[in-house]
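Engineer: Take a look at the following structure, please.
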Amino acid sequence: MWGRPDSDSISMRLALKAGFIAVGILLLGATFFLFASAGLPEAAPSLESAKVFDRNGRLLYEVPVSDEGSHTGLALSDISSFLKQATIATEDSSFYQNPGVDVFALGRALLQNLRGGEVVSGGSTITQQLVRSLYFTPQERSSRSLLRKLRETVLAFRLARELEKDRILELYLNRVYYGNLAYGVEAAARTYFGKSAQDLDLAEASLLAGLPQAPSRYDLFSHLEAAKERQATVLSLMKKAGYIDEVEAKAAREEPVQLGKAPFPIRAPHFVAYVRQWLEEKLGSEAMAQGGLRVYTTLDLDMQITAENMLVRHLSNLRENDASNAALVALDVATGQVLAMVGSPDYFDASIDGAVNMATAPRQPGSAVKPITYALALSKGYSAATPLLDVPTTLLTRRNQPYVPNNYDAIFRGPVSLRYALGSSFNVPAVRVMQDVGVDAFLRLASDLGITTLGDADRYDLSVTLGGGEVSLLELTGAYAAFAAGGERRESSPVLRVEDAQGRTLHRWQGGPGRRVVSPQVAYLITDMLADNNARAPAFGLNSPLRLSRPASGKTGTTGDFRDNWTVGYTPDIAVGVWMGNADNSAMRQVSGISGAAPLWHDFMEEVLKTNAPKEFARPPGLVEAEICEPTGLKPGDWCPERRMELFIAGTEPAGTETYYRPLPVRDGGTAPRDPERVYTFVPEEAIPWARAAGLPLPPLVEYSAAVDHNDRADVGFWVSLVSPGPEMQLAVSREIPLDSQRVIVEAVAGGDPERIEIYADGDLLAVRREAPFSAAWRLSPGEHRFRAVAYDRTGRRVESKVVRVMVMR
């Protein structure tokens, strides 16, 4: 009963299927017979323009709709031949031969309807697309029923009989939607390239011809790489059709894209374009083309105008530093709503690629991503008091390559607490923490915080914590907003509600609780550290632009080559991010996050919050305070010179007492007097070279016997040993710092009171030292190098250290 069907059953099914197909073909034929000779219907009525408003109902933009004819029409002879050829090759290669329909595509649609009830594929000809634009309502255009497809086919057949092909192509090119509010080729040419459609060259025409299939996906301003891939497809189709040869196609593929804009009336243009793209993704590509659509956005126009004016003013102060572009995003912490979005100082300035929305374009964030690293560390058992080493360090990446991080100012601070490492943005501690918590875990947390641009984990290594991956200003500001919201992430939303021409609601912002990403305690600790003016003072001073007249948390970021600088921060109510740089990725001159983006961030925050009463960040339960000794993270001992209070997640406060600072017994067996000059600093062994260079009071070398190679001792009564760099160490040249500024400390230690120490690099005398520290700075140079030290006493006797070999990787 349940076995394989017999041959009679199979034959019956095939007969039924054939019957259905035959009936369908008969119906199709009858439809054509009845309607093909009839005249064309009246075009669909003109539609009211769609409008975009701010959150208070003020008009931002009135969107031209194709049915209203508010686009600019051109005669076919006034349109670039490249664009006509590219459009035909891409959309309808048999345009001049077919009767207005693609018979094979229609048959495929018929079979799919018989199987599944709706048309799920089948390309439309240029004539069919024009029919949809001329005669169908927006609701009919989005329908995928077979009946709609048949009606479209019949009307296309009629249109092809009544109009010449050139007239059909002309109408199509003047009505098709190219994205970014541009209907028709003239509007598209001026929107994307700032020129008329008759002046488009092959490269520009092939870019435009690829847009109608998916204007949002191939948006030249937001997804240029995808648009270039689509352009390559268009050029390949043109070559296949015989319009161009491979030489022309290659030249067009390699031509740099020069985007431009022709001015038109619009407020907050980058935001409006972002809303358009957002609606296409949420409601479908036809959403904004519907007549009478009313879009009420989250934008606060007053705040937007303040942001635009301040951005232009601050950039004008940096003209001599080659900074031409900037972006700003402001989010409501409680809701995630976008309150302001400035994508460039001038949307219509092609010389700075002004139409590119730098608020959504991925760029390298520098140290602005460090809070994510430290939030992960706090979640894994670190505390704000955990001691970290900021000393020259060579680490192995996941690819077993040496990585030598350096600080922005090339100065090392030795042992520091996590609080000070984050507040002052020291690089070495951040990389050491990243090595401990793991790159994969970092990428997962970044994703949970809403950052979508770090998807390919194999691309990243330890340097991702210093900004070695690209993020958008909008998404990074959203991640900071999650810290401000107590660890809950809320998706950034630009729209409050959307209504159609009849007043029916198509979309409404729902709100509701966010998604828990980190604990309230971890989020508060990050907030507290980023608001700690003392913690950032070692790097930025006590009166940096990050300090506001109210409680606020902030962090800067700067790429090593000055191509990007950032400041992102927040109060309990608003999160604001600022990016500064150049859209073409050219470098600025000595503009950092603290000198470029931070002053704009500071002034904007002060201005938009000046009428609001200052508000403290709400401390969640589960946190306790305890006294510690900086930088040990432990309870202070008797000799601790720097005591302070620290916040801890309950249960993680220190139990032990530090011995970092303490006196030593004197030789006669007594104890040293309570004299600060006799209190020694017992730094970790790895920090000895740094401590000597910094002049810290270190104990006698016997306390650091592990750091000394005892084989270097001699019977002559004195000895010398190299402690930096370490044996067989691998160093790497940083791409973020000029080569001339990259140095490593070569240091020796000695006993037995030698008269002088000579330090050699590759056989050449590097330095002569007669008192500690016995050290010298050596400039990095790729290749293998050898270091040694020679000690002499007053009689001329000498003793040499062992040779230390070091490899410097490029």
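So you can find residues: chains in the structure tokens are A, B, ... in the order shown, residues in each start at 1, and ligands are numbered from 1 in order.
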Can you list every residue of region 330-403 of chain A that has an atom at most 8 Å from region 294-305 of chain A, with its nearest atom pair and the distance in Å to one decimal, using only C-alpha atoms, ordered by chain then number, as a tab-separated table?

Structural biologist:
```
residue	atom	partner	partner_atom	distance
A:Gln337	CA	A:Thr298	CA	5.9
A:Val338	CA	A:Thr298	CA	5.7
A:Leu339	CA	A:Leu299	CA	4.4
A:Ala340	CA	A:Gln304	CA	4.8
A:Met341	CA	A:Gln304	CA	6.8
A:Val342	CA	A:Gln304	CA	7.4
```

Engineer: Give me the residues near Ala484 (chain A) as a PyMOL selection string, where near means some atom within 10 Å (using only C-alpha atoms) and where sequence neighbours in that chain fewer than 6 positions away do not count.

Structural biologist: chain A and resi 333-334+478+520+523-524+526-527+552-553+569-575+617-618

Engineer: For the selection just defined, write its residues with all heavy atoms to a file, as a compact mmCIF listing (two decimals), in the first residue's frame.

Structural biologist:
```txt
# COMPACT_ATOMS: atom_id res chain seq x y z
N VAL A 333 19.62 57.22 24.43
CA VAL A 333 20.08 56.03 25.15
C VAL A 333 18.91 55.11 25.50
O VAL A 333 19.00 53.88 25.39
CB VAL A 333 20.85 56.44 26.42
CG1 VAL A 333 21.05 55.25 27.35
CG2 VAL A 333 22.19 57.04 26.04
N ALA A 334 17.79 55.68 25.92
CA ALA A 334 16.67 54.87 26.40
C ALA A 334 15.97 54.11 25.30
O ALA A 334 15.40 53.04 25.53
CB ALA A 334 15.67 55.76 27.14
N GLY A 478 26.14 53.09 18.85
CA GLY A 478 25.11 52.21 19.43
C GLY A 478 25.68 51.28 20.47
O GLY A 478 25.03 50.98 21.49
N PRO A 520 24.72 44.58 34.29
CA PRO A 520 24.67 45.99 34.71
C PRO A 520 25.94 46.43 35.44
O PRO A 520 26.37 47.57 35.33
CB PRO A 520 23.45 46.04 35.64
CG PRO A 520 22.61 44.87 35.24
CD PRO A 520 23.59 43.81 34.80
N ALA A 523 28.71 47.00 32.82
CA ALA A 523 28.41 48.22 32.08
C ALA A 523 28.72 49.45 32.92
O ALA A 523 29.28 50.45 32.43
CB ALA A 523 26.95 48.22 31.64
N TYR A 524 28.37 49.40 34.21
CA TYR A 524 28.63 50.56 35.07
C TYR A 524 30.12 50.78 35.29
O TYR A 524 30.59 51.92 35.31
CB TYR A 524 27.93 50.40 36.42
CG TYR A 524 28.08 51.62 37.29
CD1 TYR A 524 27.23 52.71 37.12
CD2 TYR A 524 29.09 51.71 38.24
CE1 TYR A 524 27.38 53.86 37.89
CE2 TYR A 524 29.25 52.85 39.01
CZ TYR A 524 28.40 53.93 38.83
OH TYR A 524 28.56 55.07 39.58
N ILE A 526 32.54 50.07 33.19
CA ILE A 526 33.05 50.70 31.96
C ILE A 526 32.68 52.18 31.96
O ILE A 526 33.51 53.06 31.67
CB ILE A 526 32.49 50.00 30.71
CG1 ILE A 526 33.06 48.59 30.58
CG2 ILE A 526 32.78 50.82 29.46
CD1 ILE A 526 34.54 48.53 30.30
N THR A 527 31.43 52.49 32.28
CA THR A 527 30.97 53.87 32.33
C THR A 527 31.78 54.68 33.33
O THR A 527 32.22 55.80 33.04
CB THR A 527 29.48 53.91 32.71
OG1 THR A 527 28.71 53.32 31.65
CG2 THR A 527 28.99 55.33 32.93
N ALA A 552 29.75 62.45 32.39
CA ALA A 552 29.79 61.96 31.01
C ALA A 552 30.96 61.01 30.85
O ALA A 552 32.01 61.20 31.46
CB ALA A 552 29.90 63.11 30.01
N SER A 553 30.78 60.01 30.04
CA SER A 553 31.82 59.03 29.74
C SER A 553 32.24 59.20 28.29
O SER A 553 31.39 59.40 27.42
CB SER A 553 31.32 57.61 29.98
OG SER A 553 30.93 57.44 31.33
N GLY A 569 31.05 58.97 23.16
CA GLY A 569 30.77 59.07 24.59
C GLY A 569 29.29 59.27 24.85
O GLY A 569 28.48 59.35 23.93
N TYR A 570 28.96 59.41 26.14
CA TYR A 570 27.54 59.45 26.49
C TYR A 570 27.32 60.03 27.88
O TYR A 570 28.22 60.06 28.74
CB TYR A 570 26.94 58.05 26.42
CG TYR A 570 27.70 56.98 27.18
CD1 TYR A 570 27.43 56.72 28.53
CD2 TYR A 570 28.70 56.23 26.56
CE1 TYR A 570 28.13 55.74 29.23
CE2 TYR A 570 29.41 55.25 27.25
CZ TYR A 570 29.11 55.01 28.57
OH TYR A 570 29.81 54.04 29.26
N THR A 571 26.11 60.51 28.08
CA THR A 571 25.55 60.83 29.38
C THR A 571 24.47 59.78 29.64
O THR A 571 24.25 58.89 28.80
CB THR A 571 24.94 62.23 29.40
OG1 THR A 571 23.78 62.25 28.55
CG2 THR A 571 25.94 63.28 28.92
N PRO A 572 23.74 59.85 30.77
CA PRO A 572 22.65 58.88 30.96
C PRO A 572 21.55 58.98 29.90
O PRO A 572 20.78 58.03 29.73
CB PRO A 572 22.12 59.24 32.35
CG PRO A 572 23.29 59.83 33.07
CD PRO A 572 24.02 60.61 32.01
N ASP A 573 21.48 60.11 29.17
CA ASP A 573 20.37 60.31 28.23
C ASP A 573 20.74 60.19 26.76
O ASP A 573 19.91 59.79 25.94
CB ASP A 573 19.75 61.69 28.45
CG ASP A 573 19.16 61.84 29.84
OD1 ASP A 573 18.55 60.87 30.32
OD2 ASP A 573 19.32 62.92 30.45
N ILE A 574 21.96 60.55 26.40
CA ILE A 574 22.30 60.65 24.97
C ILE A 574 23.69 60.09 24.73
O ILE A 574 24.60 60.30 25.53
CB ILE A 574 22.20 62.12 24.50
CG1 ILE A 574 22.41 62.22 22.99
CG2 ILE A 574 23.15 63.01 25.25
CD1 ILE A 574 22.16 63.63 22.44
N ALA A 575 23.83 59.35 23.62
CA ALA A 575 25.14 58.84 23.19
C ALA A 575 25.49 59.54 21.88
O ALA A 575 24.66 59.61 20.96
CB ALA A 575 25.10 57.33 22.99
N PHE A 617 24.98 58.83 36.59
CA PHE A 617 24.74 57.47 36.14
C PHE A 617 24.25 56.64 37.33
O PHE A 617 24.83 56.71 38.42
CB PHE A 617 26.01 56.85 35.56
CG PHE A 617 26.46 57.47 34.27
CD1 PHE A 617 27.50 58.39 34.24
CD2 PHE A 617 25.82 57.15 33.08
CE1 PHE A 617 27.92 58.96 33.05
CE2 PHE A 617 26.23 57.73 31.87
CZ PHE A 617 27.27 58.64 31.86
N ALA A 618 23.21 55.88 37.13
CA ALA A 618 22.63 55.08 38.21
C ALA A 618 23.51 53.86 38.49
O ALA A 618 23.73 53.04 37.60
CB ALA A 618 21.21 54.64 37.85
```

Engineer: Residues at most 7 Å from region 256-273 of chain A, counting only C-alpha atoms, excluding those fewer than 6 positions away in the same chain, as a list in words?

Structural biologist: Leu60, Tyr61, Asn180, Arg190, Thr191, Tyr192, Phe193, Gly194, Met341, Val342, Gly343, Tyr347, Phe348, Asp349, Ala350, Asp353, Ala355 and Asn357 of chain A

Engineer: Once you have the residues from the selection above, write them out as a short mmCIF file (atom, residue, chain, number, x, y, z; two decimals), in the first residue's frame, restricted to C-alpha atoms.

Structural biologist:
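Below is the file result.cif, written as the result:
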```cif
data_model
loop_
_atom_site.label_atom_id
_atom_site.label_comp_id
_atom_site.auth_asym_id
_atom_site.auth_seq_id
_atom_site.Cartn_x
_atom_site.Cartn_y
_atom_site.Cartn_z
CA LEU A 60 12.71 67.19 5.81
CA TYR A 61 12.09 66.14 2.23
CA ASN A 180 18.81 57.67 -3.46
CA ARG A 190 23.18 64.39 -11.37
CA THR A 191 22.66 62.57 -8.06
CA TYR A 192 25.65 60.26 -8.40
CA PHE A 193 28.03 62.13 -10.70
CA GLY A 194 26.92 65.77 -10.73
CA MET A 341 22.97 62.17 11.78
CA VAL A 342 25.45 64.28 9.82
CA GLY A 343 27.33 62.29 7.18
CA TYR A 347 26.18 66.65 0.98
CA PHE A 348 26.58 68.37 -2.38
CA ASP A 349 30.36 68.92 -2.32
CA ALA A 350 31.84 66.39 -4.73
CA ASP A 353 32.79 62.98 -1.64
CA ALA A 355 27.29 62.54 -0.57
CA ASN A 357 27.49 59.02 4.46
#
```

Engineer: For region 606-616 of chain A, please output as a ChimeraX atom specification all residues within 6 Å (counting only C-alpha atoms; exclusion window: fewer than 2 positions along the same chain).

Structural biologist: /A:550-551,603-604

Engineer: Just to be explicit: take each residue in the selection above, keep all heavy atoms, and write the result as a PDB file, in the first residue's frame.

Structural biologist:
```pdb
ATOM      1  N   ARG A 550      29.078  68.075  33.303  1.00  0.00           N
ATOM      2  CA  ARG A 550      28.139  67.119  33.887  1.00  0.00           C
ATOM      3  C   ARG A 550      28.750  65.738  33.789  1.00  0.00           C
ATOM      4  O   ARG A 550      29.715  65.537  33.047  1.00  0.00           O
ATOM      5  CB  ARG A 550      26.804  67.162  33.145  1.00  0.00           C
ATOM      6  CG  ARG A 550      26.921  66.733  31.689  1.00  0.00           C
ATOM      7  CD  ARG A 550      25.615  66.902  30.935  1.00  0.00           C
ATOM      8  NE  ARG A 550      25.171  68.289  30.882  1.00  0.00           N
ATOM      9  CZ  ARG A 550      23.955  68.683  31.255  1.00  0.00           C
ATOM     10  NH1 ARG A 550      23.066  67.788  31.677  1.00  0.00           N
ATOM     11  NH2 ARG A 550      23.625  69.956  31.206  1.00  0.00           N
ATOM     12  N   PRO A 551      28.227  64.758  34.513  1.00  0.00           N
ATOM     13  CA  PRO A 551      28.757  63.396  34.377  1.00  0.00           C
ATOM     14  C   PRO A 551      28.640  62.902  32.935  1.00  0.00           C
ATOM     15  O   PRO A 551      27.574  62.963  32.321  1.00  0.00           O
ATOM     16  CB  PRO A 551      27.856  62.581  35.317  1.00  0.00           C
ATOM     17  CG  PRO A 551      27.358  63.563  36.322  1.00  0.00           C
ATOM     18  CD  PRO A 551      27.187  64.850  35.569  1.00  0.00           C
ATOM     19  N   ASP A 603      31.705  70.260  22.448  1.00  0.00           N
ATOM     20  CA  ASP A 603      30.862  71.437  22.234  1.00  0.00           C
ATOM     21  C   ASP A 603      29.432  71.045  21.902  1.00  0.00           C
ATOM     22  O   ASP A 603      28.475  71.701  22.336  1.00  0.00           O
ATOM     23  CB  ASP A 603      31.445  72.299  21.112  1.00  0.00           C
ATOM     24  CG  ASP A 603      32.738  72.986  21.542  1.00  0.00           C
ATOM     25  OD1 ASP A 603      33.129  72.844  22.718  1.00  0.00           O
ATOM     26  OD2 ASP A 603      33.370  73.645  20.687  1.00  0.00           O
ATOM     27  N   PHE A 604      29.263  69.982  21.128  1.00  0.00           N
ATOM     28  CA  PHE A 604      27.913  69.531  20.790  1.00  0.00           C
ATOM     29  C   PHE A 604      27.176  69.054  22.044  1.00  0.00           C
ATOM     30  O   PHE A 604      26.009  69.414  22.260  1.00  0.00           O
ATOM     31  CB  PHE A 604      27.984  68.404  19.745  1.00  0.00           C
ATOM     32  CG  PHE A 604      26.641  67.822  19.413  1.00  0.00           C
ATOM     33  CD1 PHE A 604      25.789  68.467  18.530  1.00  0.00           C
ATOM     34  CD2 PHE A 604      26.219  66.624  19.985  1.00  0.00           C
ATOM     35  CE1 PHE A 604      24.538  67.931  18.225  1.00  0.00           C
ATOM     36  CE2 PHE A 604      24.986  66.079  19.687  1.00  0.00           C
ATOM     37  CZ  PHE A 604      24.138  66.744  18.805  1.00  0.00           C
TER      38      PHE A 604
END
```

Engineer: Between CA of Lys165 (chain A) and CA of Ala189 (chain A), what distance in Å does the model show, to one decimal?

Structural biologist: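 CA of Ala189 (chain A) lies 22.9 Å from CA of Lys165 (chain A).
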